[in-house]
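Input: a single structure, listed below in structure tokens.
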Amino acid sequence: MKAPNYTPAPWVSKPVTSSVLMKVFSIEAEGIQIGWTPNQSEEAKANAQLIAAAPDLAEALSLILDRLETETHSLAIKGTINKAKEALIKAGYTL
């Protein structure tokens, strides 16, 4: 699969000390802001961490799929592979 042209990873999340926000930004792209959460609740922190992990998760899933597609699998595994492909396509990857 071909990765979309998103802001280069790694992305990190951290609280903004001067406000109640959590920001997600790219280290490689001169600190460009990727997103933010409206507060610093536990849920907001978890959301920011998940967003920051997105490029790494997508890359890992893509590598796993590349490896699995070279092997024969049961129907149950094929369903899982299709679900993983759908998730990457939703993230902008192309076949």
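Simple scheme: letters A, B, ... for chains in structure tokens order, numbers from 1 for residues in each chain, numbers from 1 for ligands in the order shown.
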
Quick one: everything within 12 Å of A:Lys90, counting only C-alpha atoms, minus sequence neighbours fewer than 5 positions away in the same chain. Send it as an MDAnalysis selection string. chainID A and resid 3:4 58 83:85 95

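Of the residues in chain A, those that DSSP places in strand (DSSP E) on the basis of the backbone are Trp11, Val12, Ser13, Lys14, Pro15, Met22, Lys23, Val24, Phe25, Ser26, Gln33, Ile34, Gly35, Trp36 and Thr37 of chain A.
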
For the residues selected in the previous step, produce a file with N, CA and C atoms as a PDB file, in the first residue's frame.
```pdb
ATOM      1  N   TRP A  11       5.024  12.219  15.507  1.00  0.00           N
ATOM      2  CA  TRP A  11       4.118  13.192  16.095  1.00  0.00           C
ATOM      3  C   TRP A  11       4.148  12.994  17.604  1.00  0.00           C
ATOM      4  N   VAL A  12       3.999  14.046  18.357  1.00  0.00           N
ATOM      5  CA  VAL A  12       3.961  13.945  19.820  1.00  0.00           C
ATOM      6  C   VAL A  12       2.793  14.759  20.354  1.00  0.00           C
ATOM      7  N   SER A  13       2.354  14.403  21.545  1.00  0.00           N
ATOM      8  CA  SER A  13       1.307  15.174  22.217  1.00  0.00           C
ATOM      9  C   SER A  13       1.869  15.708  23.518  1.00  0.00           C
ATOM     10  N   LYS A  14       1.443  16.903  23.883  1.00  0.00           N
ATOM     11  CA  LYS A  14       1.870  17.449  25.166  1.00  0.00           C
ATOM     12  C   LYS A  14       0.902  18.536  25.590  1.00  0.00           C
ATOM     13  N   PRO A  15       0.782  18.731  26.894  1.00  0.00           N
ATOM     14  CA  PRO A  15      -0.083  19.798  27.383  1.00  0.00           C
ATOM     15  C   PRO A  15       0.533  21.160  27.083  1.00  0.00           C
ATOM     16  N   MET A  22      -4.439  20.341  24.945  1.00  0.00           N
ATOM     17  CA  MET A  22      -3.430  19.337  24.616  1.00  0.00           C
ATOM     18  C   MET A  22      -3.179  19.524  23.136  1.00  0.00           C
ATOM     19  N   LYS A  23      -1.926  19.658  22.722  1.00  0.00           N
ATOM     20  CA  LYS A  23      -1.606  19.807  21.307  1.00  0.00           C
ATOM     21  C   LYS A  23      -0.862  18.580  20.805  1.00  0.00           C
ATOM     22  N   VAL A  24      -1.048  18.295  19.520  1.00  0.00           N
ATOM     23  CA  VAL A  24      -0.315  17.241  18.839  1.00  0.00           C
ATOM     24  C   VAL A  24       0.465  17.937  17.733  1.00  0.00           C
ATOM     25  N   PHE A  25       1.777  17.660  17.655  1.00  0.00           N
ATOM     26  CA  PHE A  25       2.568  18.307  16.621  1.00  0.00           C
ATOM     27  C   PHE A  25       3.656  17.381  16.110  1.00  0.00           C
ATOM     28  N   SER A  26       4.192  17.743  14.933  1.00  0.00           N
ATOM     29  CA  SER A  26       5.238  16.960  14.286  1.00  0.00           C
ATOM     30  C   SER A  26       6.607  17.483  14.687  1.00  0.00           C
ATOM     31  N   GLN A  33       1.644  22.117  13.956  1.00  0.00           N
ATOM     32  CA  GLN A  33       0.564  21.581  14.775  1.00  0.00           C
ATOM     33  C   GLN A  33      -0.329  20.691  13.934  1.00  0.00           C
ATOM     34  N   ILE A  34      -0.602  19.506  14.437  1.00  0.00           N
ATOM     35  CA  ILE A  34      -1.471  18.538  13.768  1.00  0.00           C
ATOM     36  C   ILE A  34      -2.896  18.690  14.280  1.00  0.00           C
ATOM     37  N   GLY A  35      -3.040  18.875  15.566  1.00  0.00           N
ATOM     38  CA  GLY A  35      -4.368  18.966  16.164  1.00  0.00           C
ATOM     39  C   GLY A  35      -4.276  19.377  17.616  1.00  0.00           C
ATOM     40  N   TRP A  36      -5.433  19.465  18.245  1.00  0.00           N
ATOM     41  CA  TRP A  36      -5.491  19.836  19.647  1.00  0.00           C
ATOM     42  C   TRP A  36      -6.765  19.278  20.250  1.00  0.00           C
ATOM     43  N   THR A  37      -6.797  19.212  21.559  1.00  0.00           N
ATOM     44  CA  THR A  37      -7.997  18.795  22.274  1.00  0.00           C
ATOM     45  C   THR A  37      -8.497  19.984  23.087  1.00  0.00           C
TER      46      THR A  37
END
```

Write out as a ChimeraX atom specification which residues come within 12 Å of A:Ala91 when counting only C-alpha atoms, dropping same-chain ones fewer than 2 positions away. /A:1-6,51,54-55,57-59,61-62,84-89,93-94

List every residue of chain A that DSSP, applied to the backbone of this structure, places in helix (DSSP H, G or I), and write the result as a PDB file with N, CA, C and O atoms, in the first residue's frame.
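File part_13.pdb, as written:
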```pdb
ATOM      1  N   GLU A  42      -8.405  13.307  31.230  1.00  0.00           N
ATOM      2  CA  GLU A  42      -7.778  12.025  30.912  1.00  0.00           C
ATOM      3  C   GLU A  42      -8.195  11.562  29.519  1.00  0.00           C
ATOM      4  O   GLU A  42      -7.383  11.027  28.761  1.00  0.00           O
ATOM      5  N   GLU A  43      -9.462  11.765  29.172  1.00  0.00           N
ATOM      6  CA  GLU A  43      -9.939  11.381  27.846  1.00  0.00           C
ATOM      7  C   GLU A  43      -9.244  12.204  26.755  1.00  0.00           C
ATOM      8  O   GLU A  43      -8.821  11.662  25.730  1.00  0.00           O
ATOM      9  N   ALA A  44      -9.092  13.499  26.981  1.00  0.00           N
ATOM     10  CA  ALA A  44      -8.411  14.361  26.005  1.00  0.00           C
ATOM     11  C   ALA A  44      -6.956  13.949  25.833  1.00  0.00           C
ATOM     12  O   ALA A  44      -6.436  13.918  24.712  1.00  0.00           O
ATOM     13  N   LYS A  45      -6.294  13.620  26.932  1.00  0.00           N
ATOM     14  CA  LYS A  45      -4.905  13.155  26.847  1.00  0.00           C
ATOM     15  C   LYS A  45      -4.814  11.858  26.059  1.00  0.00           C
ATOM     16  O   LYS A  45      -3.930  11.696  25.214  1.00  0.00           O
ATOM     17  N   ALA A  46      -5.739  10.926  26.321  1.00  0.00           N
ATOM     18  CA  ALA A  46      -5.751   9.658  25.588  1.00  0.00           C
ATOM     19  C   ALA A  46      -6.007   9.897  24.100  1.00  0.00           C
ATOM     20  O   ALA A  46      -5.365   9.279  23.245  1.00  0.00           O
ATOM     21  N   ASN A  47      -6.924  10.798  23.780  1.00  0.00           N
ATOM     22  CA  ASN A  47      -7.196  11.123  22.374  1.00  0.00           C
ATOM     23  C   ASN A  47      -5.963  11.719  21.701  1.00  0.00           C
ATOM     24  O   ASN A  47      -5.620  11.366  20.572  1.00  0.00           O
ATOM     25  N   ALA A  48      -5.283  12.629  22.388  1.00  0.00           N
ATOM     26  CA  ALA A  48      -4.079  13.257  21.836  1.00  0.00           C
ATOM     27  C   ALA A  48      -2.980  12.218  21.611  1.00  0.00           C
ATOM     28  O   ALA A  48      -2.284  12.248  20.596  1.00  0.00           O
ATOM     29  N   GLN A  49      -2.834  11.286  22.537  1.00  0.00           N
ATOM     30  CA  GLN A  49      -1.826  10.236  22.378  1.00  0.00           C
ATOM     31  C   GLN A  49      -2.161   9.329  21.196  1.00  0.00           C
ATOM     32  O   GLN A  49      -1.267   8.933  20.442  1.00  0.00           O
ATOM     33  N   LEU A  50      -3.444   9.011  21.021  1.00  0.00           N
ATOM     34  CA  LEU A  50      -3.855   8.179  19.900  1.00  0.00           C
ATOM     35  C   LEU A  50      -3.601   8.894  18.574  1.00  0.00           C
ATOM     36  O   LEU A  50      -3.075   8.297  17.625  1.00  0.00           O
ATOM     37  N   ILE A  51      -3.913  10.165  18.507  1.00  0.00           N
ATOM     38  CA  ILE A  51      -3.644  10.947  17.298  1.00  0.00           C
ATOM     39  C   ILE A  51      -2.146  10.966  17.017  1.00  0.00           C
ATOM     40  O   ILE A  51      -1.707  10.764  15.881  1.00  0.00           O
ATOM     41  N   ALA A  52      -1.342  11.201  18.040  1.00  0.00           N
ATOM     42  CA  ALA A  52       0.108  11.270  17.865  1.00  0.00           C
ATOM     43  C   ALA A  52       0.679   9.932  17.391  1.00  0.00           C
ATOM     44  O   ALA A  52       1.670   9.897  16.660  1.00  0.00           O
ATOM     45  N   ALA A  53       0.053   8.831  17.783  1.00  0.00           N
ATOM     46  CA  ALA A  53       0.531   7.506  17.394  1.00  0.00           C
ATOM     47  C   ALA A  53       0.057   7.087  16.004  1.00  0.00           C
ATOM     48  O   ALA A  53       0.562   6.095  15.457  1.00  0.00           O
ATOM     49  N   ALA A  54      -0.866   7.818  15.397  1.00  0.00           N
ATOM     50  CA  ALA A  54      -1.477   7.415  14.131  1.00  0.00           C
ATOM     51  C   ALA A  54      -0.468   7.070  13.032  1.00  0.00           C
ATOM     52  O   ALA A  54      -0.604   6.024  12.394  1.00  0.00           O
ATOM     53  N   PRO A  55       0.540   7.903  12.751  1.00  0.00           N
ATOM     54  CA  PRO A  55       1.473   7.530  11.677  1.00  0.00           C
ATOM     55  C   PRO A  55       2.221   6.227  11.968  1.00  0.00           C
ATOM     56  O   PRO A  55       2.417   5.406  11.069  1.00  0.00           O
ATOM     57  N   ASP A  56       2.608   6.019  13.211  1.00  0.00           N
ATOM     58  CA  ASP A  56       3.325   4.798  13.586  1.00  0.00           C
ATOM     59  C   ASP A  56       2.410   3.577  13.483  1.00  0.00           C
ATOM     60  O   ASP A  56       2.829   2.520  12.995  1.00  0.00           O
ATOM     61  N   LEU A  57       1.160   3.720  13.928  1.00  0.00           N
ATOM     62  CA  LEU A  57       0.208   2.614  13.842  1.00  0.00           C
ATOM     63  C   LEU A  57      -0.083   2.256  12.393  1.00  0.00           C
ATOM     64  O   LEU A  57      -0.118   1.074  12.027  1.00  0.00           O
ATOM     65  N   ALA A  58      -0.280   3.262  11.552  1.00  0.00           N
ATOM     66  CA  ALA A  58      -0.561   3.012  10.140  1.00  0.00           C
ATOM     67  C   ALA A  58       0.620   2.345   9.447  1.00  0.00           C
ATOM     68  O   ALA A  58       0.440   1.408   8.662  1.00  0.00           O
ATOM     69  N   GLU A  59       1.809   2.805   9.735  1.00  0.00           N
ATOM     70  CA  GLU A  59       2.996   2.207   9.123  1.00  0.00           C
ATOM     71  C   GLU A  59       3.153   0.746   9.554  1.00  0.00           C
ATOM     72  O   GLU A  59       3.432  -0.132   8.731  1.00  0.00           O
ATOM     73  N   ALA A  60       2.956   0.474  10.844  1.00  0.00           N
ATOM     74  CA  ALA A  60       3.082  -0.894  11.343  1.00  0.00           C
ATOM     75  C   ALA A  60       2.028  -1.801  10.711  1.00  0.00           C
ATOM     76  O   ALA A  60       2.338  -2.919  10.277  1.00  0.00           O
ATOM     77  N   LEU A  61       0.797  -1.325  10.619  1.00  0.00           N
ATOM     78  CA  LEU A  61      -0.271  -2.113  10.022  1.00  0.00           C
ATOM     79  C   LEU A  61       0.015  -2.378   8.542  1.00  0.00           C
ATOM     80  O   LEU A  61      -0.186  -3.489   8.048  1.00  0.00           O
ATOM     81  N   SER A  62       0.520  -1.381   7.849  1.00  0.00           N
ATOM     82  CA  SER A  62       0.860  -1.545   6.438  1.00  0.00           C
ATOM     83  C   SER A  62       1.959  -2.604   6.257  1.00  0.00           C
ATOM     84  O   SER A  62       1.883  -3.449   5.358  1.00  0.00           O
ATOM     85  N   LEU A  63       2.969  -2.576   7.113  1.00  0.00           N
ATOM     86  CA  LEU A  63       4.045  -3.567   7.042  1.00  0.00           C
ATOM     87  C   LEU A  63       3.523  -4.978   7.318  1.00  0.00           C
ATOM     88  O   LEU A  63       3.917  -5.943   6.644  1.00  0.00           O
ATOM     89  N   ILE A  64       2.640  -5.106   8.296  1.00  0.00           N
ATOM     90  CA  ILE A  64       2.044  -6.411   8.610  1.00  0.00           C
ATOM     91  C   ILE A  64       1.242  -6.918   7.418  1.00  0.00           C
ATOM     92  O   ILE A  64       1.350  -8.089   7.033  1.00  0.00           O
ATOM     93  N   LEU A  65       0.430  -6.038   6.812  1.00  0.00           N
ATOM     94  CA  LEU A  65      -0.371  -6.452   5.659  1.00  0.00           C
ATOM     95  C   LEU A  65       0.506  -6.869   4.490  1.00  0.00           C
ATOM     96  O   LEU A  65       0.211  -7.860   3.811  1.00  0.00           O
ATOM     97  N   ASP A  66       1.569  -6.130   4.237  1.00  0.00           N
ATOM     98  CA  ASP A  66       2.483  -6.499   3.155  1.00  0.00           C
ATOM     99  C   ASP A  66       3.011  -7.916   3.374  1.00  0.00           C
ATOM    100  O   ASP A  66       3.107  -8.714   2.438  1.00  0.00           O
ATOM    101  N   ARG A  67       3.342  -8.230   4.590  1.00  0.00           N
ATOM    102  CA  ARG A  67       3.874  -9.558   4.923  1.00  0.00           C
ATOM    103  C   ARG A  67       2.805 -10.640   4.798  1.00  0.00           C
ATOM    104  O   ARG A  67       3.038 -11.705   4.240  1.00  0.00           O
ATOM    105  N   LEU A  68       1.600 -10.346   5.292  1.00  0.00           N
ATOM    106  CA  LEU A  68       0.523 -11.337   5.273  1.00  0.00           C
ATOM    107  C   LEU A  68       0.009 -11.622   3.870  1.00  0.00           C
ATOM    108  O   LEU A  68      -0.446 -12.731   3.590  1.00  0.00           O
ATOM    109  N   LEU A  75     -10.300 -18.174   5.964  1.00  0.00           N
ATOM    110  CA  LEU A  75     -11.291 -17.114   5.746  1.00  0.00           C
ATOM    111  C   LEU A  75     -11.343 -16.143   6.924  1.00  0.00           C
ATOM    112  O   LEU A  75     -11.539 -14.951   6.729  1.00  0.00           O
ATOM    113  N   ALA A  76     -11.156 -16.635   8.147  1.00  0.00           N
ATOM    114  CA  ALA A  76     -11.180 -15.761   9.317  1.00  0.00           C
ATOM    115  C   ALA A  76     -10.061 -14.729   9.242  1.00  0.00           C
ATOM    116  O   ALA A  76     -10.270 -13.549   9.514  1.00  0.00           O
ATOM    117  N   ILE A  77      -8.886 -15.151   8.863  1.00  0.00           N
ATOM    118  CA  ILE A  77      -7.749 -14.230   8.748  1.00  0.00           C
ATOM    119  C   ILE A  77      -7.976 -13.276   7.583  1.00  0.00           C
ATOM    120  O   ILE A  77      -7.658 -12.092   7.669  1.00  0.00           O
ATOM    121  N   LYS A  78      -8.535 -13.749   6.482  1.00  0.00           N
ATOM    122  CA  LYS A  78      -8.810 -12.878   5.342  1.00  0.00           C
ATOM    123  C   LYS A  78      -9.760 -11.749   5.733  1.00  0.00           C
ATOM    124  O   LYS A  78      -9.615 -10.627   5.283  1.00  0.00           O
ATOM    125  N   GLY A  79     -10.741 -12.057   6.580  1.00  0.00           N
ATOM    126  CA  GLY A  79     -11.665 -11.016   7.060  1.00  0.00           C
ATOM    127  C   GLY A  79     -10.930  -9.966   7.874  1.00  0.00           C
ATOM    128  O   GLY A  79     -11.189  -8.767   7.744  1.00  0.00           O
ATOM    129  N   THR A  80      -9.996 -10.412   8.689  1.00  0.00           N
ATOM    130  CA  THR A  80      -9.189  -9.492   9.492  1.00  0.00           C
ATOM    131  C   THR A  80      -8.291  -8.647   8.599  1.00  0.00           C
ATOM    132  O   THR A  80      -8.144  -7.439   8.811  1.00  0.00           O
ATOM    133  N   ILE A  81      -7.705  -9.270   7.599  1.00  0.00           N
ATOM    134  CA  ILE A  81      -6.854  -8.543   6.649  1.00  0.00           C
ATOM    135  C   ILE A  81      -7.680  -7.473   5.930  1.00  0.00           C
ATOM    136  O   ILE A  81      -7.230  -6.331   5.775  1.00  0.00           O
ATOM    137  N   ASN A  82      -8.891  -7.827   5.506  1.00  0.00           N
ATOM    138  CA  ASN A  82      -9.753  -6.851   4.824  1.00  0.00           C
ATOM    139  C   ASN A  82     -10.104  -5.683   5.741  1.00  0.00           C
ATOM    140  O   ASN A  82     -10.138  -4.533   5.309  1.00  0.00           O
ATOM    141  N   LYS A  83     -10.356  -5.973   7.005  1.00  0.00           N
ATOM    142  CA  LYS A  83     -10.666  -4.908   7.964  1.00  0.00           C
ATOM    143  C   LYS A  83      -9.465  -3.977   8.129  1.00  0.00           C
ATOM    144  O   LYS A  83      -9.599  -2.760   8.194  1.00  0.00           O
ATOM    145  N   ALA A  84      -8.267  -4.540   8.182  1.00  0.00           N
ATOM    146  CA  ALA A  84      -7.051  -3.731   8.295  1.00  0.00           C
ATOM    147  C   ALA A  84      -6.868  -2.858   7.054  1.00  0.00           C
ATOM    148  O   ALA A  84      -6.506  -1.684   7.151  1.00  0.00           O
ATOM    149  N   LYS A  85      -7.128  -3.426   5.873  1.00  0.00           N
ATOM    150  CA  LYS A  85      -7.037  -2.649   4.635  1.00  0.00           C
ATOM    151  C   LYS A  85      -8.024  -1.486   4.649  1.00  0.00           C
ATOM    152  O   LYS A  85      -7.695  -0.367   4.254  1.00  0.00           O
ATOM    153  N   GLU A  86      -9.250  -1.753   5.089  1.00  0.00           N
ATOM    154  CA  GLU A  86     -10.265  -0.703   5.165  1.00  0.00           C
ATOM    155  C   GLU A  86      -9.813   0.431   6.079  1.00  0.00           C
ATOM    156  O   GLU A  86     -10.037   1.608   5.780  1.00  0.00           O
ATOM    157  N   ALA A  87      -9.174   0.087   7.184  1.00  0.00           N
ATOM    158  CA  ALA A  87      -8.700   1.116   8.117  1.00  0.00           C
ATOM    159  C   ALA A  87      -7.619   1.972   7.469  1.00  0.00           C
ATOM    160  O   ALA A  87      -7.611   3.210   7.616  1.00  0.00           O
ATOM    161  N   LEU A  88      -6.709   1.344   6.739  1.00  0.00           N
ATOM    162  CA  LEU A  88      -5.652   2.126   6.074  1.00  0.00           C
ATOM    163  C   LEU A  88      -6.216   2.985   4.953  1.00  0.00           C
ATOM    164  O   LEU A  88      -5.788   4.122   4.763  1.00  0.00           O
ATOM    165  N   ILE A  89      -7.173   2.464   4.216  1.00  0.00           N
ATOM    166  CA  ILE A  89      -7.810   3.254   3.160  1.00  0.00           C
ATOM    167  C   ILE A  89      -8.515   4.461   3.780  1.00  0.00           C
ATOM    168  O   ILE A  89      -8.438   5.580   3.260  1.00  0.00           O
ATOM    169  N   LYS A  90      -9.166   4.259   4.912  1.00  0.00           N
ATOM    170  CA  LYS A  90      -9.816   5.365   5.623  1.00  0.00           C
ATOM    171  C   LYS A  90      -8.791   6.424   6.028  1.00  0.00           C
ATOM    172  O   LYS A  90      -9.090   7.616   6.056  1.00  0.00           O
TER     173      LYS A  90
END
```
